[in-house]
Structure formats: structure tokens, C-alpha cells
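The structure file my_file12.pdb is reproduced below (PDB, C-alpha atoms).
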ATOM      1  CA  MET A1176       0.000   0.000   0.000
ATOM      2  CA  ASN A1177       3.021   2.326  -0.111
ATOM      3  CA  ALA A1178       2.792   3.018  -3.822
ATOM      4  CA  LEU A1179       0.713   5.987  -4.900
ATOM      5  CA  THR A1180      -1.691   5.658  -7.797
ATOM      6  CA  PRO A1181      -1.754   8.672 -10.153
ATOM      7  CA  GLY A1182      -5.201   9.707  -8.942
ATOM      8  CA  ASP A1183      -4.157   9.837  -5.301
ATOM      9  CA  PHE A1184      -2.156  13.052  -5.347
ATOM     10  CA  VAL A1185      -1.497  14.154  -8.892
ATOM     11  CA  ASP A1186      -5.058  14.263 -10.200
ATOM     12  CA  ALA A1187      -7.001  15.166  -7.062
ATOM     13  CA  ASP A1188      -8.390  18.696  -7.213
ATOM     14  CA  GLU A1189     -10.122  18.586  -3.819
ATOM     15  CA  PRO A1190      -9.466  16.521  -0.689
ATOM     16  CA  PHE A1191     -12.792  14.892   0.189
ATOM     17  CA  ALA A1192     -12.868  12.348  -2.643
ATOM     18  CA  LEU A1193      -9.291  11.406  -1.817
ATOM     19  CA  PHE A1194     -10.199  11.085   1.865
ATOM     20  CA  GLY A1195     -13.127   8.845   0.933
ATOM     21  CA  LYS A1196     -10.852   6.548  -1.066
ATOM     22  CA  TRP A1197      -8.294   6.314   1.740
ATOM     23  CA  PHE A1198     -10.982   5.843   4.392
ATOM     24  CA  GLU A1199     -12.555   2.944   2.506
ATOM     25  CA  GLU A1200      -9.146   1.301   2.275
ATOM     26  CA  ALA A1201      -8.580   1.918   5.987
ATOM     27  CA  LYS A1202     -11.921   0.300   6.859
ATOM     28  CA  ALA A1203     -10.822  -2.789   4.927
ATOM     29  CA  LYS A1204      -7.271  -2.963   6.309
ATOM     30  CA  GLU A1205      -7.076  -1.234   9.705
ATOM     31  CA  LEU A1206      -7.556  -3.708  12.549
ATOM     32  CA  ASN A1207      -9.151  -1.370  15.081
ATOM     33  CA  ASP A1208     -11.251   1.778  14.748
ATOM     34  CA  PRO A1209     -10.327   3.215  11.341
ATOM     35  CA  GLU A1210     -12.608   6.134  12.257
ATOM     36  CA  ALA A1211     -10.471   7.046  15.287
ATOM     37  CA  MET A1212      -9.005  10.539  15.109
ATOM     38  CA  ALA A1213      -6.962  12.677  17.455
ATOM     39  CA  VAL A1214      -8.676  16.026  18.037
ATOM     40  CA  ALA A1215      -6.751  19.022  19.322
ATOM     41  CA  THR A1216      -8.456  22.060  20.851
ATOM     42  CA  ALA A1217      -7.305  25.092  22.817
ATOM     43  CA  GLY A1218      -9.253  27.348  25.138
ATOM     44  CA  ALA A1219      -8.873  31.055  25.741
ATOM     45  CA  ASP A1220      -5.442  30.456  27.307
ATOM     46  CA  GLY A1221      -4.131  29.063  24.010
ATOM     47  CA  LEU A1222      -2.721  25.906  25.617
ATOM     48  CA  PRO A1223      -3.390  22.951  23.280
ATOM     49  CA  ASP A1224      -5.196  19.839  24.477
ATOM     50  CA  LEU A1225      -5.421  16.537  22.613
ATOM     51  CA  ARG A1226      -7.474  13.341  22.815
ATOM     52  CA  MET A1227      -8.712  10.457  20.683
ATOM     53  CA  VAL A1228     -12.352  10.449  19.556
ATOM     54  CA  LEU A1229     -14.387   8.544  16.982
ATOM     55  CA  MET A1230     -15.376  10.346  13.800
ATOM     56  CA  LYS A1231     -19.105   9.663  13.419
ATOM     57  CA  GLY A1232     -19.745  11.228  10.052
ATOM     58  CA  TRP A1233     -18.073  13.105   7.241
ATOM     59  CA  SER A1234     -19.093  14.913   4.078
ATOM     60  CA  ALA A1235     -17.908  17.787   1.918
ATOM     61  CA  GLN A1236     -18.929  20.036   4.831
ATOM     62  CA  GLY A1237     -16.488  18.417   7.257
ATOM     63  CA  PHE A1238     -16.004  15.852  10.003
ATOM     64  CA  VAL A1239     -18.390  15.181  12.898
ATOM     65  CA  PHE A1240     -17.782  13.887  16.408
ATOM     66  CA  TYR A1241     -19.979  13.871  19.516
ATOM     67  CA  THR A1242     -19.195  14.740  23.112
ATOM     68  CA  ASN A1243     -20.394  16.313  26.331
ATOM     69  CA  ALA A1244     -20.383  20.082  25.755
ATOM     70  CA  GLU A1245     -19.393  20.548  29.411
ATOM     71  CA  SER A1246     -16.264  18.404  28.977
ATOM     72  CA  ALA A1247     -12.807  19.919  28.597
ATOM     73  CA  LYS A1248     -13.019  19.934  24.802
ATOM     74  CA  GLY A1249     -16.565  21.265  24.878
ATOM     75  CA  ARG A1250     -15.548  24.180  27.103
ATOM     76  CA  GLN A1251     -12.482  24.862  24.957
ATOM     77  CA  LEU A1252     -14.559  24.874  21.780
ATOM     78  CA  ALA A1253     -16.957  27.350  23.385
ATOM     79  CA  GLU A1254     -14.012  29.677  24.058
ATOM     80  CA  ASN A1255     -12.153  29.044  20.811
ATOM     81  CA  PRO A1256     -14.249  27.282  18.123
ATOM     82  CA  GLN A1257     -11.359  25.871  16.125
ATOM     83  CA  ALA A1258      -9.770  22.422  16.073
ATOM     84  CA  ALA A1259      -7.226  20.200  14.379
ATOM     85  CA  ALA A1260      -7.600  16.474  13.792
ATOM     86  CA  LEU A1261      -5.400  13.593  12.706
ATOM     87  CA  PHE A1262      -6.208  10.175  11.282
ATOM     88  CA  HIS A1263      -3.304   7.719  11.553
ATOM     89  CA  TRP A1264      -3.773   4.433   9.714
ATOM     90  CA  LYS A1265      -0.652   2.624  10.826
ATOM     91  CA  SER A1266      -1.309  -0.564   8.868
ATOM     92  CA  LEU A1267      -1.468   1.489   5.646
ATOM     93  CA  ARG A1268       1.353   3.839   6.684
ATOM     94  CA  ARG A1269      -0.839   6.844   5.983
ATOM     95  CA  GLN A1270      -1.982   9.951   7.815
ATOM     96  CA  VAL A1271      -4.538  12.667   7.117
ATOM     97  CA  ARG A1272      -4.307  15.954   9.005
ATOM     98  CA  LEU A1273      -6.969  18.660   8.983
ATOM     99  CA  ARG A1274      -7.751  21.923  10.744
ATOM    100  CA  GLY A1275     -10.437  24.549  10.674
ATOM    101  CA  PRO A1276     -13.321  26.259  12.456
ATOM    102  CA  VAL A1277     -15.853  24.209  14.421
ATOM    103  CA  GLU A1278     -19.587  24.633  14.841
ATOM    104  CA  PRO A1279     -22.243  22.521  16.609
ATOM    105  CA  VAL A1280     -24.331  20.272  14.399
ATOM    106  CA  SER A1281     -28.103  20.776  14.446
ATOM    107  CA  GLU A1282     -30.241  19.589  17.352
ATOM    108  CA  ALA A1283     -31.993  17.198  14.967
ATOM    109  CA  GLU A1284     -28.701  15.652  13.865
ATOM    110  CA  SER A1285     -27.553  15.249  17.475
ATOM    111  CA  ASP A1286     -30.905  13.669  18.390
ATOM    112  CA  ALA A1287     -30.714  11.230  15.483
ATOM    113  CA  TYR A1288     -27.222  10.043  16.301
ATOM    114  CA  TYR A1289     -27.974   9.796  20.025
ATOM    115  CA  LYS A1290     -30.955   7.531  19.306
ATOM    116  CA  SER A1291     -28.710   5.260  17.233
ATOM    117  CA  ARG A1292     -26.387   4.567  20.172
ATOM    118  CA  PRO A1293     -26.717   1.442  22.333
ATOM    119  CA  ARG A1294     -29.024   1.948  25.304
ATOM    120  CA  ASP A1295     -26.202   1.597  27.832
ATOM    121  CA  SER A1296     -24.200   4.279  26.010
ATOM    122  CA  ARG A1297     -27.172   6.650  26.169
ATOM    123  CA  ILE A1298     -27.457   6.045  29.908
ATOM    124  CA  GLY A1299     -23.717   6.626  30.244
ATOM    125  CA  ALA A1300     -24.083  10.053  28.649
ATOM    126  CA  TRP A1301     -26.420  11.029  31.501
ATOM    127  CA  ALA A1302     -24.286   9.446  34.224
ATOM    128  CA  SER A1303     -20.865  10.815  33.251
ATOM    129  CA  GLN A1304     -19.880  14.344  34.227
ATOM    130  CA  GLN A1305     -17.170  14.137  31.611
ATOM    131  CA  SER A1306     -13.714  15.560  32.433
ATOM    132  CA  ARG A1307     -14.694  16.557  35.979
ATOM    133  CA  PRO A1308     -13.166  15.024  39.128
ATOM    134  CA  LEU A1309     -14.563  11.609  40.113
ATOM    135  CA  GLU A1310     -14.347  10.576  43.762
ATOM    136  CA  SER A1311     -14.407   6.840  43.023
ATOM    137  CA  ARG A1312     -15.380   4.255  40.445
ATOM    138  CA  PHE A1313     -18.268   3.322  42.728
ATOM    139  CA  ALA A1314     -19.687   6.836  42.395
ATOM    140  CA  LEU A1315     -19.790   6.436  38.602
ATOM    141  CA  GLU A1316     -21.401   2.992  38.829
ATOM    142  CA  LYS A1317     -23.966   4.371  41.277
ATOM    143  CA  ALA A1318     -24.855   7.165  38.852
ATOM    144  CA  VAL A1319     -25.204   4.662  36.007
ATOM    145  CA  ALA A1320     -27.525   2.521  38.130
ATOM    146  CA  ALA A1321     -29.618   5.544  39.107
ATOM    147  CA  TYR A1322     -30.112   6.676  35.505
ATOM    148  CA  ALA A1323     -30.746   3.104  34.361
ATOM    149  CA  ALA A1324     -33.570   2.887  36.919
ATOM    150  CA  LYS A1325     -34.909   6.299  35.914
ATOM    151  CA  HIS A1326     -35.027   5.264  32.254
ATOM    152  CA  ALA A1327     -35.960   1.626  32.783
ATOM    153  CA  VAL A1328     -38.715   1.819  30.194
ATOM    154  CA  GLY A1329     -39.390   4.010  27.208
ATOM    155  CA  ASP A1330     -37.131   6.296  25.258
ATOM    156  CA  ILE A1331     -34.023   7.919  26.749
ATOM    157  CA  PRO A1332     -33.902  11.598  25.777
ATOM    158  CA  ARG A1333     -30.640  13.199  24.745
ATOM    159  CA  PRO A1334     -29.002  15.199  27.551
ATOM    160  CA  PRO A1335     -29.112  18.905  26.669
ATOM    161  CA  TYR A1336     -25.331  19.142  27.112
ATOM    162  CA  TRP A1337     -24.529  16.241  24.741
ATOM    163  CA  ARG A1338     -24.094  17.221  21.106
ATOM    164  CA  GLY A1339     -22.157  16.897  17.890
ATOM    165  CA  TYR A1340     -19.489  19.173  16.490
ATOM    166  CA  LEU A1341     -18.514  19.727  12.857
ATOM    167  CA  ILE A1342     -14.887  20.484  11.992
ATOM    168  CA  GLN A1343     -14.925  22.454   8.733
ATOM    169  CA  PRO A1344     -11.459  22.036   7.237
ATOM    170  CA  ILE A1345      -9.634  24.906   5.649
ATOM    171  CA  ALA A1346      -6.510  22.731   5.334
ATOM    172  CA  MET A1347      -6.092  18.981   4.802
ATOM    173  CA  GLU A1348      -2.761  17.203   4.404
ATOM    174  CA  PHE A1349      -2.328  13.663   3.052
ATOM    175  CA  TRP A1350       0.834  11.838   4.150
ATOM    176  CA  GLN A1351       2.089   8.563   2.643
ATOM    177  CA  ASN A1352       5.084   6.679   3.980
ATOM    178  CA  LYS A1353       7.946   6.221   1.525
ATOM    179  CA  PRO A1354      11.407   4.613   1.890
ATOM    180  CA  PHE A1355      14.276   6.478   3.556
ATOM    181  CA  ARG A1356      11.802   8.937   5.127
ATOM    182  CA  LEU A1357      11.275  10.612   1.750
ATOM    183  CA  HIS A1358       7.539  10.620   2.385
ATOM    184  CA  ASP A1359       4.898  11.984   0.040
ATOM    185  CA  ARG A1360       2.967  14.946   1.444
ATOM    186  CA  VAL A1361       0.259  16.941  -0.312
ATOM    187  CA  ARG A1362      -1.648  19.785   1.323
ATOM    188  CA  PHE A1363      -5.010  21.154   0.209
ATOM    189  CA  PHE A1364      -5.916  24.577   1.593
ATOM    190  CA  ARG A1365      -8.501  27.333   1.187
ATOM    191  CA  ASP A1366      -9.286  30.676   2.769
ATOM    192  CA  SER A1367     -12.574  29.663   4.419
ATOM    193  CA  PRO A1368     -15.102  26.806   4.542
ATOM    194  CA  GLY A1369     -16.858  26.594   1.193
ATOM    195  CA  GLY A1370     -13.984  28.284  -0.614
ATOM    196  CA  ASN A1371     -12.009  26.941  -3.544
ATOM    197  CA  TRP A1372      -9.249  24.464  -2.767
ATOM    198  CA  ARG A1373      -5.628  24.964  -3.748
ATOM    199  CA  LYS A1374      -2.986  22.261  -3.598
ATOM    200  CA  GLU A1375       0.738  22.039  -2.998
ATOM    201  CA  ARG A1376       3.308  19.341  -2.379
ATOM    202  CA  LEU A1377       5.439  19.559   0.749
ATOM    203  CA  TYR A1378       8.936  18.398   1.474
ATOM    204  CA  PRO A1379       9.013  15.363   3.801
TER     205      PRO A1379
END

Could you take the file, read its structure, and then write that structure out as C-alpha cells?
Amino acid sequence: MNALTPGDFVDADEPFALFGKWFEEAKAKELNDPEAMAVATAGADGLPDLRMVLMKGWSAQGFVFYTNAESAKGRQLAENPQAAALFHWKSLRRQVRLRGPVEPVSEAESDAYYKSRPRDSRIGAWASQQSRPLESRFALEKAVAAYAAKHAVGDIPRPPYWRGYLIQPIAMEFWQNKPFRLHDRVRFFRDSPGGNWRKERLYP
């Protein structure tokens, strides 16, 4: 998988079709979580923070993930609605980097994805005060039990603080491993979401 086909870098005029091709190959070859991406955010203090999340949707508008809006990343995005993300498909020796402004997805989209989650995961979203201090594992298990009893029957509504976020890339870089660290790198960039893409090769 180290060889590049002509259409990978040379012929691609925009990054999303290329991402789709690479992502399909990753789903076929990557052993665990090909949709896993590292997401970096920074609050008003400018200090970067980084964590792994699961990408739950993508389109020509951008890349979607879901989280507790009161978590560390949720608070940072409220202060500074920009993010960077990285997909690393080790088995394919490929990476995709992207960065851009972030906005919440619609309430309807958040509701639809929340309803698609396993019941226990929906209960967990109510029980977890994500990123805040936890006195003990027992306290978390007690909260899970309490919400499980509260929602023993019927639908489980989405917590008002749980939502999706859309990263709208203004830059995307595709990285392909090559021998002797002479890697192939191509960067697509534009001035704003919805703008026209430009492309350049980068030195390794």
C-alpha cells in the first residue's frame, strides 16, 4: 500500500474524494477503529489539548464527532471554536491531518445520532460528568444505576449538554510513507469553509 496511484495526489483537485478513497481502504485494512481521530483544541489560554475520539460522520462540509459540551473539549470549543484532527492508519502507513473552524451540528442531527447509540451508552451520557473530578469508580457505577432505573422503560432523551461538532477544514494534508523517510505529502488549503481548494506538495 506504499505506492501511490496517479489519482491519489497528482489528479485530485479537492481533498474529500481522496479522503473517501483512503478511508474505505482503511476500513478494509485497519484492525481497530479506522474512524479514530486525534482532536486538538485550545481554550482562551491558548494551551493545546489533545485526545482520541471517533469520527461519526463526514461529508464535503467536514467531520463530525460527539461529546459532552461541558467536557474539557466542549468548554475549549466554546471559548475558541477551532480544532485540528489527525487520522493515523498505521497498517497502511498513511496519515490525514486537517484543521479549521468548528460549529455545533443541528439539534436534529444530534438527536438522530444519540438515538442510534446502544441503550447503555445513552445512559452513560447522563451518568458521566465528563472531564470533571470523580471521587471513586463506585460513584460512577452508582450514577449509572440511578439513571438506568430512571429510564428503565421508554425512550431515553438526549441530555441537553450532549451534542455533535462539525470540523470544517480549511486545510487537509495527506501523508504517505515512503522509503528512507522521503515521504509523500500533499496539502489542500482554502481561505474559508466553502472556498475553492488549492494544492501544494510539501517536502518530507

Just so the selection is clear, what residues does the PyMOL selection byres ((chain A and resi 1322-1336) around 6) cover here, as a short mmCIF file (atom, residue, chain, number, x, y, z; two decimals) with C-alpha atoms, in the coordinates of the input?
data_model
loop_
_atom_site.label_atom_id
_atom_site.label_comp_id
_atom_site.auth_asym_id
_atom_site.auth_seq_id
_atom_site.Cartn_x
_atom_site.Cartn_y
_atom_site.Cartn_z
CA ASN A 1243 -20.39 16.31 26.33
CA ALA A 1244 -20.38 20.08 25.76
CA VAL A 1319 -25.20 4.66 36.01
CA ALA A 1320 -27.52 2.52 38.13
CA ALA A 1321 -29.62 5.54 39.11
CA TRP A 1337 -24.53 16.24 24.74
#

Inset, instruction - For atom CA of Asp1359 of chain A and atom CA of Ala1260 of chain A, quote the distance in Å rounded to one decimal. - result: 19.1 Å

Legend entry - Pairwise distance for atom CA of Ala1187 of chain A and atom CA of Val1228 of chain A, rounded to one decimal in Å: 27.6 Å

Inset, instruction - List the neighbours of segment 1343-1347 of chain A out to 6 Å using all atoms listed in the file; skip same-chain residues closer than 5 positions along the sequence, and give me the result as a PyMOL selection string. - result: chain A and resi 1237+1272-1276+1362-1365+1367-1368

Mind giving me the axis-aligned box for segment 1347-1351 of chain A with 3 Å on every side, centre plus edges in Å to one decimal, as JSON?
{"center_x": -2.0, "center_y": 13.8, "center_z": 3.7, "size_x": 14.2, "size_y": 16.4, "size_z": 8.2}

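Interatomic distance, atom CA of Thr1216 of chain A to atom CA of Phe1349 of chain A: 20.6 Å.
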
Extract, using all atoms listed in the file, all DNA, RNA and protein residues at most 12 Å from Ser1234 of chain A, discarding same-chain residues fewer than 6 positions from it, and format them as an mmCIF file with C-alpha atoms, in the coordinates of the input.
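That gives us result-v3.cif:
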data_model
loop_
_atom_site.group_PDB
_atom_site.id
_atom_site.type_symbol
_atom_site.label_atom_id
_atom_site.label_comp_id
_atom_site.auth_asym_id
_atom_site.auth_seq_id
_atom_site.Cartn_x
_atom_site.Cartn_y
_atom_site.Cartn_z
ATOM 1 C CA PRO A 1190 -9.466 16.521 -0.689
ATOM 2 C CA PHE A 1191 -12.792 14.892 0.189
ATOM 3 C CA ALA A 1192 -12.868 12.348 -2.643
ATOM 4 C CA LEU A 1193 -9.291 11.406 -1.817
ATOM 5 C CA PHE A 1194 -10.199 11.085 1.865
ATOM 6 C CA GLY A 1195 -13.127 8.845 0.933
ATOM 7 C CA LEU A 1341 -18.514 19.727 12.857
ATOM 8 C CA ILE A 1342 -14.887 20.484 11.992
ATOM 9 C CA GLN A 1343 -14.925 22.454 8.733
ATOM 10 C CA PRO A 1344 -11.459 22.036 7.237
#

Legend entry - Residue nearest Ala1259 of chain A - candidates A:Val1280, A:Arg1226, A:Asp1286, A:Val1214, atoms counted: all atoms listed in the file: A:Val1214

Around (-19.1, 14.4, 12.9) in the file's frame, which residues reach within 12 Å when counting only C-alpha atoms? Return as a short mmCIF file (atom, residue, chain, number, x, y, z; two decimals) with C-alpha atoms, in the frame of the given file?
data_model
loop_
_atom_site.label_atom_id
_atom_site.label_comp_id
_atom_site.auth_asym_id
_atom_site.auth_seq_id
_atom_site.Cartn_x
_atom_site.Cartn_y
_atom_site.Cartn_z
CA GLU A 1210 -12.61 6.13 12.26
CA ALA A 1211 -10.47 7.05 15.29
CA MET A 1212 -9.01 10.54 15.11
CA VAL A 1214 -8.68 16.03 18.04
CA VAL A 1228 -12.35 10.45 19.56
CA LEU A 1229 -14.39 8.54 16.98
CA MET A 1230 -15.38 10.35 13.80
CA LYS A 1231 -19.10 9.66 13.42
CA GLY A 1232 -19.74 11.23 10.05
CA TRP A 1233 -18.07 13.10 7.24
CA SER A 1234 -19.09 14.91 4.08
CA ALA A 1235 -17.91 17.79 1.92
CA GLN A 1236 -18.93 20.04 4.83
CA GLY A 1237 -16.49 18.42 7.26
CA PHE A 1238 -16.00 15.85 10.00
CA VAL A 1239 -18.39 15.18 12.90
CA PHE A 1240 -17.78 13.89 16.41
CA TYR A 1241 -19.98 13.87 19.52
CA THR A 1242 -19.20 14.74 23.11
CA ALA A 1260 -7.60 16.47 13.79
CA VAL A 1277 -15.85 24.21 14.42
CA GLU A 1278 -19.59 24.63 14.84
CA PRO A 1279 -22.24 22.52 16.61
CA VAL A 1280 -24.33 20.27 14.40
CA SER A 1281 -28.10 20.78 14.45
CA GLU A 1284 -28.70 15.65 13.86
CA SER A 1285 -27.55 15.25 17.48
CA TYR A 1288 -27.22 10.04 16.30
CA ARG A 1338 -24.09 17.22 21.11
CA GLY A 1339 -22.16 16.90 17.89
CA TYR A 1340 -19.49 19.17 16.49
CA LEU A 1341 -18.51 19.73 12.86
CA ILE A 1342 -14.89 20.48 11.99
CA GLN A 1343 -14.92 22.45 8.73
#

Inset, instruction - Return as a PyMOL selection string the set of residues that the PyMOL selection byres ((chain A and resi 1255) around 9) yields on the displayed structure. - result: chain A and resi 1216-1219+1221+1250-1254+1256-1258+1276-1277

Inset, instruction - Spell out the residues picked by the PyMOL selection byres ((chain A and resi 1315) around 12) here, as a list in words. - result: Ile1298, Gly1299, Ala1300, Trp1301, Ala1302, Ser1303, Gln1304, Gln1305, Arg1307, Pro1308, Leu1309, Glu1310, Ser1311, Arg1312, Phe1313, Ala1314, Glu1316, Lys1317, Ala1318, Val1319, Ala1320, Ala1321 and Tyr1322 of chain A

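Distances to Val1271 of chain A were evaluated for A:Glu1189, A:Asp1224, A:Glu1348, A:Glu1205 using only C-alpha atoms, and the minimum falls at A:Glu1348.
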
Inset, instruction - Rank A:Ala1287, A:Leu1267, A:Leu1206, A:Met1227 by their smallest atom-to-atom distance to Asn1352 of chain A, using all atoms listed in the file, and report the top residue only. - result: A:Leu1267

Dig up all the protein and nucleic acid residues within 9 Å of (10.1, 18.0, 0.7) in the file frame, using all atoms listed in the file, and format them as a PDB file with C-alpha atoms, keeping the file's coordinate frame.
ATOM      1  CA  LEU A1357      11.275  10.612   1.750  1.00  0.00           C
ATOM      2  CA  HIS A1358       7.539  10.620   2.385  1.00  0.00           C
ATOM      3  CA  ASP A1359       4.898  11.984   0.040  1.00  0.00           C
ATOM      4  CA  ARG A1360       2.967  14.946   1.444  1.00  0.00           C
ATOM      5  CA  ARG A1376       3.308  19.341  -2.379  1.00  0.00           C
ATOM      6  CA  LEU A1377       5.439  19.559   0.749  1.00  0.00           C
ATOM      7  CA  TYR A1378       8.936  18.398   1.474  1.00  0.00           C
ATOM      8  CA  PRO A1379       9.013  15.363   3.801  1.00  0.00           C
TER       9      PRO A1379
END

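Shortest atom-to-atom contact with Pro1354 of chain A among A:Lys1196, A:Arg1268, A:Gly1370, A:Ser1296: A:Arg1268, counting all atoms listed in the file.
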